[in-house]
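Enquirer: The structure's right below; bear with me while I get my questions together.
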Amino acid sequence: MDLLTTLVEKGLRRELPTREEALAVLATSDDDLLEVVAAAGRVRRQWFGRRVKLNYLVNLKSGLCPEDCSYCSQRLGSKAEILKYTWLKPDEASRAAAAGVAGGAKRVCLVASGRGPTDRDVDRVSKTIEAIKGENEGVEVCACLGLLSAGQAERLRSAGADAYNHNLNTSEGTYGDITTTHTYADRVDTVRQAQSAGLSACSGLIAGMGESDDDLIDVVFSLRELDPDSVPVNFLIPFEGTPLAKEWNLTPQRCLRILAMVRFVCPDVEVRLAGGREVHLRSMQPLALHLVNSIFLGDYLTSEGQEGQTDLDMIADAGFEVEGAGTTTLPEHRGGGCASVCGGSAESGAAEVPAEVPAARTDLVAVRRRGAGTDLAPNA
């Protein structure tokens with residue numbers, strides 16, 4: 001397809017596609033899906049090799065949010081039967097973070113429900129950051145606390161935070177249909193505050209809320225202009241008890257096209273496959289690794305994810321590798337090193353290390369004890 005050839009060439013040059021080209025990716029047919037994934041995969045490998053960064057969520061304060069974001073199970077008036085609790089103590093949060101780090105997570109994301117933190121909340125989170133970093137050498141910490149007030153980003157940075165997450169979620173034109181208690185401009189302002197304070201900005205979107213293709217292009221192009229280092233792509237989890245509970249608009253194929261479009265528009269940033277991947281991609285999750293270079297390990301804020309070991313097995317089986325703590329995620333021009341992406345050691349003449357023979361996976365083999373020859377029903 002001429003379209004895909006053009007998009008790959010632009011992605012390798014970090015050149016922005018046209019709006020028409022991005023829309024055309026979303027409009028491709030299921031017959032062309034593997035070609036789309038392969039093309040976007042070339043761009044992904046150019047900037048990130050076959051590495052997958054693992055991130056781990058710690059929900060510091062769950063539920064009881066005064067905001068009315070329609071997609072959120074923690075929103076004002078939500079009837080979703082989620083866990084509700086007030087702030088975790090620093091040592092409790094540190095223990096929770098340690099589980100993710102032990103599973104291979106390179107970044108811990110500290111999230112708290114609410115409109116935004118008070119100064120006391122920032123003090124509390126600062127102590128939590130210090131506790132986590134004191135127990136886990138080299139771990140990255142990202143805070144996600146809502147809308148920031150003046151000076152709070154700087155205080156988080158001083159406490160050791162590496163990044164701040166605040167998603168745009170949807171297009172500016174439709175934002176008022178999703179949330180009324182704050183504005184799209186409020187969100188943009190918080191991302192810019194984080195950047196100004198020297199924090200790595202993390203900002204993404206939620207797909208599947210009934211938006212149009214034009215809405216998706218609008219928000220992704222806005223993210224490209226805002227230029228965060230990380231772009232999480234969430235797929236709506238339609239919680240019962242929320243206004244969007246009936247919005248089941250996504251197929252695995254649609255999700256893959258959205259991820260490919262994001263990769264073409266944001267070729268050299270950390271594109272993270274976030275909430276909803278198990279719900280909507282299902283058995284096609286491994287294909288998404290050819291498009292994204294980052295995922296969350298294990299559970300999310302209020303919903304369960306796959307078992308951590310299942311995520312690790314998926315990465316290995318798809319031919320990818322977990323990004324190590326000593327590896328810089330972003331390519332050199334964005335502040336990271338290039339050797340791990342470009343194969344610097346091989347080019348410098350270092351001897352190649354033979355691939356290890358996979359260990360026997362005896363856990364995959366189970367003796368049949370149902371069906372023919374037994375008193376139990378078969379599993380068909």
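Residue names in the structure tokens use chain letters A, B, ... in the order shown, residue numbers from 1 in each chain, and ligand numbers from 1 in the order shown.
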Check which residues of region 248-322 of chain A sit at most 12 Å from region 80-83 of chain A using only C-alpha atoms, and return one row each with the closest pair of atoms and their distance in Å to one decimal, ordered by chain and rising number, as JSON lines.

Expert:
{"residue": "A:Tyr300", "atom": "CA", "partner": "A:Ile82", "partner_atom": "CA", "distance": 11.8}
{"residue": "A:Leu301", "atom": "CA", "partner": "A:Leu83", "partner_atom": "CA", "distance": 9.4}
{"residue": "A:Thr302", "atom": "CA", "partner": "A:Ile82", "partner_atom": "CA", "distance": 6.1}
{"residue": "A:Ser303", "atom": "CA", "partner": "A:Ile82", "partner_atom": "CA", "distance": 8.1}
{"residue": "A:Glu304", "atom": "CA", "partner": "A:Ile82", "partner_atom": "CA", "distance": 10.9}

Enquirer: From a DSSP pass on the backbone, collect the residues of region 27-199 of chain A flagged as helix (DSSP H, G or I) and hand them back as a PyMOL selection string.

Expert: chain A and resi 30-48+90-102+119-135+152-159+172-178+184-196

Enquirer: So which one's closest to Gly77 (chain A), A:Thr242, A:Ser126, A:Ser222, A:Ser294? Using only C-alpha atoms, please.

Expert: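 Using only C-alpha atoms, the shortest distance to Gly77 (chain A) belongs to A:Thr242.
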
Enquirer: At a cut-off of 7 Å, using only C-alpha atoms, what residues contact Gly104 (chain A)? Leave out same-chain residues fewer than 3 positions from it and give the result as a count of residues only.

Expert: 3

Enquirer: Within 8 Å of region 267-271 of chain A, counting only C-alpha atoms, which residues show up once you throw out same-chain ones fewer than 4 positions away? Write them as a VMD selection string, please.

Expert: chain A and resid 11 to 12 14 43 to 44 47 to 48 228 to 233 262 to 263 291 to 294 329 to 331

Enquirer: Near Ala161 (chain A), counting only C-alpha atoms, which residues have an atom at most 9 Å away, once you skip same-chain residues fewer than 6 positions from it, shown as a list in words?

Expert: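 Contacts, in chain order: Ser126, Ile129, Glu130, Glu140, Val141, Cys142, Ala143, Arg155 and Leu199 of chain A.
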
Enquirer: Would you mind exporting C-alpha atoms of the selected residues as a PDB file, in the first residue's frame?

Expert:
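That gives us part.pdb:
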ATOM      1  CA  SER A 126       6.605  13.252  48.481  1.00  0.00           C
ATOM      2  CA  ILE A 129       8.211   8.790  46.616  1.00  0.00           C
ATOM      3  CA  GLU A 130      11.148   8.945  49.007  1.00  0.00           C
ATOM      4  CA  GLU A 140      11.333   5.590  38.045  1.00  0.00           C
ATOM      5  CA  VAL A 141       8.366   7.187  39.808  1.00  0.00           C
ATOM      6  CA  CYS A 142       5.503   8.902  37.988  1.00  0.00           C
ATOM      7  CA  ALA A 143       2.828  10.797  39.904  1.00  0.00           C
ATOM      8  CA  ARG A 155       7.830  20.165  44.815  1.00  0.00           C
ATOM      9  CA  LEU A 199       9.246  16.358  34.939  1.00  0.00           C
TER      10      LEU A 199
END

Enquirer: With only C-alpha atoms as the basis for distance, which of A:Asn136, A:Gln306, A:Ser200, A:Thr183 is at the shortest distance from Leu156 (chain A)?

Expert: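 Using only C-alpha atoms, Leu156 (chain A) sits closest to A:Ser200.
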
Enquirer: Rounded to one decimal place, report the CA of Leu57 (chain A)-CA of Cys109 (chain A) distance in Å.

Expert: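 Computing it gives 4.8 Å between the two atoms.
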
Enquirer: Which polymer residues have any atom within 12 Å of an atom of Glu135 (chain A), counting only C-alpha atoms, with same-chain residues fewer than 4 positions away left out, as a VMD selection string?

Expert: chain A and resid 90 to 91 93 to 99 101 to 102 128 to 131 139

Enquirer: Pull N, CA, C and O atoms from the residues just selected and write them as a JSON list (two decimals), in the first residue's frame.

Expert:
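And here's out_11.json as it stands now:
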[["chain", "number", "residue", "atom", "x", "y", "z"],
["A", 90, "PRO", "N", 2.98, 5.83, 53.44],
["A", 90, "PRO", "CA", 4.17, 5.64, 52.60],
["A", 90, "PRO", "C", 4.71, 4.21, 52.61],
["A", 90, "PRO", "O", 5.09, 3.68, 51.56],
["A", 91, "ASP", "N", 4.74, 3.57, 53.78],
["A", 91, "ASP", "CA", 5.29, 2.21, 53.83],
["A", 91, "ASP", "C", 4.36, 1.21, 53.14],
["A", 91, "ASP", "O", 4.82, 0.26, 52.51],
["A", 93, "ALA", "N", 2.40, 1.95, 50.52],
["A", 93, "ALA", "CA", 2.59, 2.19, 49.09],
["A", 93, "ALA", "C", 3.92, 1.61, 48.62],
["A", 93, "ALA", "O", 4.01, 1.06, 47.51],
["A", 94, "SER", "N", 4.95, 1.71, 49.46],
["A", 94, "SER", "CA", 6.26, 1.18, 49.09],
["A", 94, "SER", "C", 6.22, -0.34, 48.96],
["A", 94, "SER", "O", 6.82, -0.91, 48.04],
["A", 95, "ARG", "N", 5.48, -1.00, 49.85],
["A", 95, "ARG", "CA", 5.35, -2.46, 49.75],
["A", 95, "ARG", "C", 4.60, -2.85, 48.48],
["A", 95, "ARG", "O", 4.96, -3.82, 47.80],
["A", 96, "ALA", "N", 3.56, -2.09, 48.16],
["A", 96, "ALA", "CA", 2.81, -2.37, 46.93],
["A", 96, "ALA", "C", 3.70, -2.18, 45.71],
["A", 96, "ALA", "O", 3.67, -2.99, 44.77],
["A", 97, "ALA", "N", 4.50, -1.11, 45.71],
["A", 97, "ALA", "CA", 5.39, -0.84, 44.58],
["A", 97, "ALA", "C", 6.43, -1.93, 44.43],
["A", 97, "ALA", "O", 6.79, -2.31, 43.31],
["A", 98, "ALA", "N", 6.91, -2.46, 45.55],
["A", 98, "ALA", "CA", 7.95, -3.48, 45.51],
["A", 98, "ALA", "C", 7.50, -4.73, 44.76],
["A", 98, "ALA", "O", 8.31, -5.39, 44.10],
["A", 99, "ALA", "N", 6.22, -5.05, 44.85],
["A", 99, "ALA", "CA", 5.70, -6.22, 44.13],
["A", 99, "ALA", "C", 5.84, -6.03, 42.63],
["A", 99, "ALA", "O", 6.23, -6.96, 41.89],
["A", 101, "VAL", "N", 7.99, -3.94, 41.08],
["A", 101, "VAL", "CA", 9.41, -3.91, 40.73],
["A", 101, "VAL", "C", 9.98, -5.32, 40.69],
["A", 101, "VAL", "O", 10.76, -5.67, 39.80],
["A", 102, "ALA", "N", 9.57, -6.16, 41.64],
["A", 102, "ALA", "CA", 10.03, -7.55, 41.66],
["A", 102, "ALA", "C", 9.58, -8.29, 40.40],
["A", 102, "ALA", "O", 10.26, -9.22, 39.94],
["A", 128, "THR", "N", 6.02, 9.37, 50.16],
["A", 128, "THR", "CA", 5.85, 8.06, 49.51],
["A", 128, "THR", "C", 6.90, 7.85, 48.43],
["A", 128, "THR", "O", 7.47, 6.76, 48.31],
["A", 129, "ILE", "N", 7.17, 8.88, 47.65],
["A", 129, "ILE", "CA", 8.21, 8.79, 46.62],
["A", 129, "ILE", "C", 9.56, 8.47, 47.25],
["A", 129, "ILE", "O", 10.31, 7.60, 46.79],
["A", 130, "GLU", "N", 9.87, 9.17, 48.32],
["A", 130, "GLU", "CA", 11.15, 8.94, 49.01],
["A", 130, "GLU", "C", 11.23, 7.52, 49.55],
["A", 130, "GLU", "O", 12.29, 6.87, 49.46],
["A", 131, "ALA", "N", 10.12, 7.01, 50.07],
["A", 131, "ALA", "CA", 10.11, 5.64, 50.59],
["A", 131, "ALA", "C", 10.33, 4.62, 49.49],
["A", 131, "ALA", "O", 11.11, 3.67, 49.64],
["A", 139, "VAL", "N", 14.54, 2.83, 40.37],
["A", 139, "VAL", "CA", 13.17, 2.80, 39.87],
["A", 139, "VAL", "C", 12.72, 4.22, 39.49],
["A", 139, "VAL", "O", 13.11, 5.20, 40.13]]

Enquirer: Taking the DSSP assignment computed from this structure's backbone, write out as a ChimeraX atom specification all residues of region 148-368 of chain A that belong to strand (DSSP E or B).

Expert: /A:163-165,169,200-202,205-207,230-235,270-273,294-296,321-322

Enquirer: Hey, which of A:Gly319, A:Pro252, A:Gly173, A:Gly204 ends up closest to Leu33 (chain A)? Count only C-alpha atoms.

Expert: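 Counting only C-alpha atoms, the residue closest to Leu33 (chain A) is A:Pro252.
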
Enquirer: Restricting the calculation to only C-alpha atoms, which member of A:Asp214, A:Asp311, A:Glu247, A:Asp363 is positioned closest to Ala27 (chain A)?

Expert: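 Among the listed residues, A:Asp214 lies closest to Ala27 (chain A).
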
Enquirer: Between A:Ile315, A:Val219, A:Leu148, A:Ile132, which has the minimum distance to Leu297 (chain A) (counting only C-alpha atoms)?

Expert: A:Ile315
